[in-house]
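In what follows, a single structure is set out as structure tokens and then discussed.
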Amino acid sequence: MVRQSPGGGRVRLIVACAATVAVLGPLVWLWQDSLLPEPYSVMDMGYADYGGGPHGSSGHETHAPGGASARGGHGPGRDVTQLTADAGRRADVSMTMVARKQRFRLPSGRAFDGYTLNGQSPGPVIKATKGQLVQVRLINESVPGGVTLHWHGVDVPNAEDGVAGVTQDAVGVGKEFTYRFIADQAGTFWYHSHQMSHEQVRGGLLGALVVEPGPREVTDVVALVHLYNGVRTVNGREGDVQVEAKPGARARIRVINTEYGVMPAWVGGAPYRLVAVDGTELNGPAPVTGKALAIAAGGRADIEVTMPENGSPVRIHLGGPTGVVLGSSSYDAPPAPRPAATLDVLTYGTPAPLGFDPGRPDRRFEYDMGRRPGFLDGVPGVWWTINGHLYPDVPMFHVAEGDVVRMRVSNDSGEAHPMHLHGHHAVVLSRDGVPASGSPWWVDSLEVGAGESYEIAFVADNPGIWMDHCHNLPHAAEGLVTHLMYEGVTTRFTVGGPAANEPE
Ligand code: C2O
Ligand code: CU
């Protein structure tokens with residue numbers, strides 16, 4: 001039997017308290033450390049990563065944490081609002097878009113509570129010819145949290161990028177904002193709100209943007225795929241979209257994946273060619289049969305089909321049994337089974353010069369995605385990490401204008417992530433160490449599967465502060481976001497604040 005000394009109870013209490021403090025103390029510290037200041041500037045976020053390049057003055061060091069001193073924009077740098085398109089030039093394509101929160105009906109009659117632009121979702125298709133200046137006046141009639149428009153895949157000047165809290169304030173009810181940019185790349189793009197985007201994009205605040213190279217003799221079809229309450233639509237319609245295409249005619253189908261996950265697409269009734277990815281033409285694309293495409297969330301694939309001479313219709317499957325049916329005398333195209341094989345763009349087409357040398361980069365960055373337990377703005381969970389760090393303590397990739405940048409994007413998080421860099425197109429150099437051997441493969445939305453690792457490269461030729469995030473937008477809202485920062489560029493906008501900016 002153990003005889004208890006009179007003070008034993010107190011000692012045990014002290015030990016227990018000390019143990020509790022030892023366990024909870026660091027947790028409380030971690031919790032408190034994870035709380036986001038209100039408001040905060042992305043310039044004060046995380047830690048600078050110079051990628052082995054010079055440490056220029058980006059304004060980052062000159063601001064106190066908390067974002068207060070970031071207001072006013074009279075630092076040594078250029079404020080993002082100065083990075084605009086040719087201010088004196090007249091618009092070639094000009095339109096007004098009125099954003100509303102409303103209940104509306106799909107053409108099938110099915111009702112949906114979401115968002116419209118000019119009374120419709122998807123919003124109007126914006127069409128321009130390469131080189132034209134596009135001007136869009138956005139008016140927020142009734143979207144309570146505010147709206148913006150981001151031109152996904154268009155390398156616009158930074159002030160036009162539409163990211164609430166980074167390049168502008170969210171446009172509140174009764175307010176407006178005018179976007180201007182030169183459509184200097186022909187291709188398939190889209191636009192969507194970048195305020196509370198995970199909710200507003202799902203709710204339909206989006207549309208297609210097509211930049212034509214000039215007059216062309218092909219049937220041109222936009223096929224924007226979106227899910228409304230889980231109901232798959234093409235251009236807002238359930239079921240097939242029928243398009244007339246004469247025997248022997250060439251047709252280009254511009255597929256836009258606005259969903260949050262990768263989408264398969266395949267063709268029944270004719271071979272096809274994948275002629276462009278993310279708004280960039282591929283070089284030497286050969287006819288494909290028996291393979292599906294995998295289109296990343298946010299990504300685009302332009303599919304070209306030559307109609308059979310016998311007049312039989314062609315079905316382009318978009319994510320399932322329905323999609324676009326091309327035909328003339330008949331649209332009776334039975335569904336084709338989904339091919340087991342997927343076209344690998346890494347080896348598709350033929351090589352061509354890149355226009356720059358990625359072999360001697362000025363900066364090398366790692367963008368390694370993982371997942372671990374921790375606190376995100378005070379909320380415990382298993383959260384995404386970037387290079388082992390939880391948002392907002394993530395790397396900020398610093399570059400100077402003209403730098404050649406290489407980035408290794410790797411994914412150890414156990415889930416796929418469609419990675420989207422704003423303002424730039426990057427070329428894929430390798431996947432899992434296997435060099436690209438086909439056409440130059442330029443992307444703005446790259447599906448990085450679990451366990452995969454891509455090496456990409458780009459030229460830093462568009463000064464600004466650019467988001468680089470996962471386009472599975474709920475993941476972005478969960479902190480899978482960082483920024484590419486140009487030396488000498490500052491922003492006076494903040495996340496939070498009076499405009500309640502909330503980009504993700
Ligand atoms: Cu399509 Cu940052 O988004
Ligand atoms: Cu993701």
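Every chain in the structure tokens has a letter given in the order shown (A, B, ...), and although residue numbers restart at 1 in each chain, ligands are simply numbered from 1 in the order shown.
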
(request) Grab me every residue within 7 Å of ligand 1, counting only C-alpha atoms and all ligand atoms, and send it over as a PyMOL selection string. (result) chain A and resi 150+152+192+194+298+420+422+467+469+471

(request) Give as a PyMOL selection string the residues surrounding ligand 2 up to a distance of 7 Å, considering only C-alpha atoms and all ligand atoms. (result) chain A and resi 416-418+470-472+475-476+480

(request) For Thr129 in chain A, list every protein, DNA or RNA residue within 6 Å, evaluated using only C-alpha atoms, and leave out those in the same chain fewer than 3 positions away; present the list as a PyMOL selection string. (result) chain A and resi 132+211-214

I need the residues from that last selection saved to file as a PDB file, in the first residue's frame (with C-alpha atoms), if you can.
ATOM      1  CA  GLN A 132      -9.812  44.546 -80.750  1.00  0.00           C
ATOM      2  CA  VAL A 211     -11.530  35.826 -79.679  1.00  0.00           C
ATOM      3  CA  GLU A 212     -11.474  35.014 -83.395  1.00  0.00           C
ATOM      4  CA  PRO A 213      -8.245  35.261 -85.384  1.00  0.00           C
ATOM      5  CA  GLY A 214     -10.215  36.807 -88.288  1.00  0.00           C
TER       6      GLY A 214
END

Would you mind listing what lies within 12 Å of Met396 in chain A as a PDB file with N, CA, C and O atoms, in the first residue's frame, with only C-alpha atoms counted and same-chain residues fewer than 6 positions away left out?
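And here is the file that came out, result-v8.pdb:
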ATOM      1  N   VAL A  42      -2.773  41.480 -49.480  1.00  0.00           N
ATOM      2  CA  VAL A  42      -2.027  40.284 -49.914  1.00  0.00           C
ATOM      3  C   VAL A  42      -0.518  40.564 -49.952  1.00  0.00           C
ATOM      4  O   VAL A  42       0.278  39.645 -49.923  1.00  0.00           O
ATOM      5  N   MET A  43      -0.144  41.848 -49.959  1.00  0.00           N
ATOM      6  CA  MET A  43       1.293  42.171 -49.946  1.00  0.00           C
ATOM      7  C   MET A  43       1.926  41.813 -48.606  1.00  0.00           C
ATOM      8  O   MET A  43       3.133  41.668 -48.511  1.00  0.00           O
ATOM      9  N   ASP A  44       1.106  41.721 -47.581  1.00  0.00           N
ATOM     10  CA  ASP A  44       1.631  41.397 -46.252  1.00  0.00           C
ATOM     11  C   ASP A  44       1.466  39.926 -45.920  1.00  0.00           C
ATOM     12  O   ASP A  44       1.752  39.500 -44.807  1.00  0.00           O
ATOM     13  N   MET A  45       0.992  39.180 -46.883  1.00  0.00           N
ATOM     14  CA  MET A  45       0.723  37.773 -46.622  1.00  0.00           C
ATOM     15  C   MET A  45       1.993  36.947 -46.681  1.00  0.00           C
ATOM     16  O   MET A  45       2.902  37.232 -47.443  1.00  0.00           O
ATOM     17  N   GLY A  46       2.031  35.876 -45.902  1.00  0.00           N
ATOM     18  CA  GLY A  46       3.023  34.827 -46.068  1.00  0.00           C
ATOM     19  C   GLY A  46       4.450  35.323 -46.021  1.00  0.00           C
ATOM     20  O   GLY A  46       4.785  36.266 -45.318  1.00  0.00           O
ATOM     21  N   TYR A  47       5.283  34.681 -46.805  1.00  0.00           N
ATOM     22  CA  TYR A  47       6.697  35.024 -46.814  1.00  0.00           C
ATOM     23  C   TYR A  47       7.170  35.114 -48.259  1.00  0.00           C
ATOM     24  O   TYR A  47       6.651  34.440 -49.148  1.00  0.00           O
ATOM     25  N   ALA A  48       8.137  35.990 -48.483  1.00  0.00           N
ATOM     26  CA  ALA A  48       8.643  36.199 -49.833  1.00  0.00           C
ATOM     27  C   ALA A  48       9.477  35.010 -50.269  1.00  0.00           C
ATOM     28  O   ALA A  48      10.294  34.503 -49.515  1.00  0.00           O
ATOM     29  N   ASP A  49       9.247  34.557 -51.502  1.00  0.00           N
ATOM     30  CA  ASP A  49      10.055  33.513 -52.108  1.00  0.00           C
ATOM     31  C   ASP A  49      10.609  34.110 -53.398  1.00  0.00           C
ATOM     32  O   ASP A  49       9.840  34.430 -54.307  1.00  0.00           O
ATOM     33  N   TYR A  50      11.921  34.310 -53.437  1.00  0.00           N
ATOM     34  CA  TYR A  50      12.530  34.972 -54.595  1.00  0.00           C
ATOM     35  C   TYR A  50      12.999  33.980 -55.650  1.00  0.00           C
ATOM     36  O   TYR A  50      13.568  34.377 -56.661  1.00  0.00           O
ATOM     37  N   GLY A  51      12.813  32.700 -55.393  1.00  0.00           N
ATOM     38  CA  GLY A  51      13.138  31.698 -56.404  1.00  0.00           C
ATOM     39  C   GLY A  51      14.584  31.733 -56.857  1.00  0.00           C
ATOM     40  O   GLY A  51      14.879  31.413 -58.001  1.00  0.00           O
ATOM     41  N   SER A  58       9.780  45.250 -53.644  1.00  0.00           N
ATOM     42  CA  SER A  58       8.419  45.088 -54.161  1.00  0.00           C
ATOM     43  C   SER A  58       7.460  45.891 -53.323  1.00  0.00           C
ATOM     44  O   SER A  58       6.276  45.871 -53.544  1.00  0.00           O
ATOM     45  N   HIS A  60       7.038  45.041 -50.364  1.00  0.00           N
ATOM     46  CA  HIS A  60       6.626  44.081 -49.341  1.00  0.00           C
ATOM     47  C   HIS A  60       7.217  44.414 -47.977  1.00  0.00           C
ATOM     48  O   HIS A  60       6.519  44.415 -46.984  1.00  0.00           O
ATOM     49  N   PHE A 365      10.762  28.163 -58.813  1.00  0.00           N
ATOM     50  CA  PHE A 365       9.857  28.053 -57.664  1.00  0.00           C
ATOM     51  C   PHE A 365       9.344  26.629 -57.526  1.00  0.00           C
ATOM     52  O   PHE A 365       9.223  25.905 -58.503  1.00  0.00           O
ATOM     53  N   GLU A 366       9.039  26.301 -56.280  1.00  0.00           N
ATOM     54  CA  GLU A 366       8.330  25.063 -55.972  1.00  0.00           C
ATOM     55  C   GLU A 366       6.925  25.442 -55.557  1.00  0.00           C
ATOM     56  O   GLU A 366       6.746  26.378 -54.769  1.00  0.00           O
ATOM     57  N   TYR A 367       5.953  24.714 -56.053  1.00  0.00           N
ATOM     58  CA  TYR A 367       4.570  24.895 -55.604  1.00  0.00           C
ATOM     59  C   TYR A 367       4.078  23.498 -55.246  1.00  0.00           C
ATOM     60  O   TYR A 367       3.506  22.804 -56.059  1.00  0.00           O
ATOM     61  N   ILE A 386       0.757  24.770 -48.866  1.00  0.00           N
ATOM     62  CA  ILE A 386       1.647  25.091 -49.987  1.00  0.00           C
ATOM     63  C   ILE A 386       3.060  25.099 -49.421  1.00  0.00           C
ATOM     64  O   ILE A 386       3.347  25.846 -48.491  1.00  0.00           O
ATOM     65  N   ASN A 387       3.893  24.240 -49.947  1.00  0.00           N
ATOM     66  CA  ASN A 387       5.260  24.051 -49.439  1.00  0.00           C
ATOM     67  C   ASN A 387       5.249  23.860 -47.917  1.00  0.00           C
ATOM     68  O   ASN A 387       6.088  24.397 -47.196  1.00  0.00           O
ATOM     69  N   HIS A 389       3.174  24.990 -45.748  1.00  0.00           N
ATOM     70  CA  HIS A 389       2.602  26.100 -44.971  1.00  0.00           C
ATOM     71  C   HIS A 389       1.104  26.222 -45.203  1.00  0.00           C
ATOM     72  O   HIS A 389       0.619  26.034 -46.313  1.00  0.00           O
ATOM     73  N   ILE A 465       0.043  41.937 -59.641  1.00  0.00           N
ATOM     74  CA  ILE A 465      -0.071  40.986 -58.545  1.00  0.00           C
ATOM     75  C   ILE A 465      -1.141  39.996 -58.986  1.00  0.00           C
ATOM     76  O   ILE A 465      -2.298  40.369 -59.197  1.00  0.00           O
ATOM     77  N   TRP A 466      -0.709  38.754 -59.165  1.00  0.00           N
ATOM     78  CA  TRP A 466      -1.543  37.770 -59.853  1.00  0.00           C
ATOM     79  C   TRP A 466      -1.815  36.572 -58.968  1.00  0.00           C
ATOM     80  O   TRP A 466      -0.892  35.964 -58.431  1.00  0.00           O
ATOM     81  N   MET A 467      -3.054  36.205 -58.887  1.00  0.00           N
ATOM     82  CA  MET A 467      -3.408  34.998 -58.139  1.00  0.00           C
ATOM     83  C   MET A 467      -2.883  33.762 -58.848  1.00  0.00           C
ATOM     84  O   MET A 467      -2.830  33.694 -60.070  1.00  0.00           O
ATOM     85  N   ASP A 468      -2.523  32.777 -58.048  1.00  0.00           N
ATOM     86  CA  ASP A 468      -2.111  31.470 -58.560  1.00  0.00           C
ATOM     87  C   ASP A 468      -2.773  30.457 -57.625  1.00  0.00           C
ATOM     88  O   ASP A 468      -2.300  30.252 -56.514  1.00  0.00           O
ATOM     89  N   HIS A 469      -3.895  29.883 -58.078  1.00  0.00           N
ATOM     90  CA  HIS A 469      -4.734  29.130 -57.139  1.00  0.00           C
ATOM     91  C   HIS A 469      -5.370  27.908 -57.767  1.00  0.00           C
ATOM     92  O   HIS A 469      -5.315  27.714 -58.978  1.00  0.00           O
ATOM     93  N   VAL A 481      -4.318  29.058 -52.269  1.00  0.00           N
ATOM     94  CA  VAL A 481      -4.146  30.315 -53.005  1.00  0.00           C
ATOM     95  C   VAL A 481      -2.792  30.913 -52.672  1.00  0.00           C
ATOM     96  O   VAL A 481      -2.407  30.969 -51.505  1.00  0.00           O
ATOM     97  N   THR A 482      -2.084  31.357 -53.685  1.00  0.00           N
ATOM     98  CA  THR A 482      -0.943  32.223 -53.433  1.00  0.00           C
ATOM     99  C   THR A 482      -0.889  33.267 -54.560  1.00  0.00           C
ATOM    100  O   THR A 482      -1.805  33.336 -55.371  1.00  0.00           O
ATOM    101  N   HIS A 483       0.150  34.091 -54.563  1.00  0.00           N
ATOM    102  CA  HIS A 483       0.233  35.150 -55.562  1.00  0.00           C
ATOM    103  C   HIS A 483       1.607  35.220 -56.190  1.00  0.00           C
ATOM    104  O   HIS A 483       2.614  34.889 -55.561  1.00  0.00           O
ATOM    105  N   LEU A 484       1.599  35.658 -57.448  1.00  0.00           N
ATOM    106  CA  LEU A 484       2.827  35.991 -58.157  1.00  0.00           C
ATOM    107  C   LEU A 484       2.949  37.502 -58.088  1.00  0.00           C
ATOM    108  O   LEU A 484       2.051  38.227 -58.527  1.00  0.00           O
ATOM    109  N   MET A 485       4.048  37.962 -57.484  1.00  0.00           N
ATOM    110  CA  MET A 485       4.206  39.401 -57.220  1.00  0.00           C
ATOM    111  C   MET A 485       5.342  39.942 -58.067  1.00  0.00           C
ATOM    112  O   MET A 485       6.451  39.417 -58.015  1.00  0.00           O
ATOM    113  N   TYR A 486       5.070  41.039 -58.778  1.00  0.00           N
ATOM    114  CA  TYR A 486       6.128  41.700 -59.540  1.00  0.00           C
ATOM    115  C   TYR A 486       6.783  42.775 -58.685  1.00  0.00           C
ATOM    116  O   TYR A 486       6.087  43.542 -57.998  1.00  0.00           O
ATOM    117  N   GLU A 487       8.070  42.816 -58.807  1.00  0.00           N
ATOM    118  CA  GLU A 487       8.861  43.847 -58.153  1.00  0.00           C
ATOM    119  C   GLU A 487       8.317  45.228 -58.533  1.00  0.00           C
ATOM    120  O   GLU A 487       8.063  45.501 -59.711  1.00  0.00           O
TER     121      GLU A 487
END

(message) Considering only C-alpha atoms, can you say which of A:Glu199, A:Asp357, A:Gly496, A:Leu24 comes closest to Asp113 in chain A?
(response)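 So, comparing all the options, the nearest one is A:Glu199.
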
(message) To one decimal place in Å, what is the distance between CA of Gly414 in chain A and CA of Gly374 in chain A?
(response)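 Distance reported for this atom pair: 16.8 Å.
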
(request) Mind checking which residues fall within 9 Å of Val171 in chain A, counting only C-alpha atoms, ignoring those fewer than 2 positions away in the same chain, and posting them as a ChimeraX atom specification? (result) /A:138-140,145-148,164,168-169,173-177,195,499

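Taking CA of Ala296 in chain A and CA of Gly449 in chain A as endpoints, the distance between them is 10.2 Å.
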
(message) Please return, as number ranges by chain, all residues of range 260-442 of chain A that DSSP assigns to strand (DSSP E) on the basis of the backbone.
(response) A: 263-268, 273-277, 280-281, 291-295, 300-306, 314-318, 323-327, 341-342, 363-376, 379-386, 389-390, 395-399, 404-411, 417-421, 426-431, 434-435, 442

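If you measure from each of A:Leu274, A:Leu106, A:Leu390, A:Val163 to Tyr179 in chain A using only C-alpha atoms, the closest one turns out to be A:Val163.
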
(request) Considering only C-alpha atoms, return as a PyMOL selection string whatever protein or nucleic-acid residues lie within 10 Å of range 451-455 of chain A, sequence-local ones (same chain, fewer than 3 positions apart) excluded. (result) chain A and resi 365-369+406-416+426-436+446-448

(request) Mind checking which residues fall within 9 Å of Val379 in chain A, counting only C-alpha atoms, ignoring those fewer than 6 positions away in the same chain, and posting them as an MDAnalysis selection string? (result) chainID A and resid 31 34:35

Got time to write the residues from that selection, C-alpha atoms, as a CSV table (one decimal), in the first residue's frame?
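Saved to again-v1.csv:
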chain,number,residue,atom,x,y,z
A,31,TRP,CA,-5.2,29.0,-33.2
A,34,SER,CA,-4.1,31.5,-37.8
A,35,LEU,CA,-6.6,34.3,-37.4

(request) Find, counting only C-alpha atoms, the residue in A:Pro26, A:Pro498, A:Pro54, A:Pro351 that gets nearest to Arg364 in chain A. (result)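 The shortest atom-to-atom distance to Arg364 in chain A comes from A:Pro54.
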
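When only C-alpha atoms are used to compute distances to Pro474 in chain A, the closest of the residues A:Gly261, A:Pro285, A:Pro144, A:Gly230 turns out to be A:Gly261.
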
(request) Report the distance between CA of Arg363 in chain A and CA of Arg492 in chain A in Å, rounded to one decimal place. (result)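 CA of Arg492 in chain A lies at a distance of 26.4 Å from CA of Arg363 in chain A.
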
(message) Among range 435-487 of chain A, which residues does DSSP mark as helix (DSSP H, G or I) when it is run on the backbone? Keep the chain and numbering as in the structure and answer as a PyMOL selection string.
(response) chain A and resi 473-477
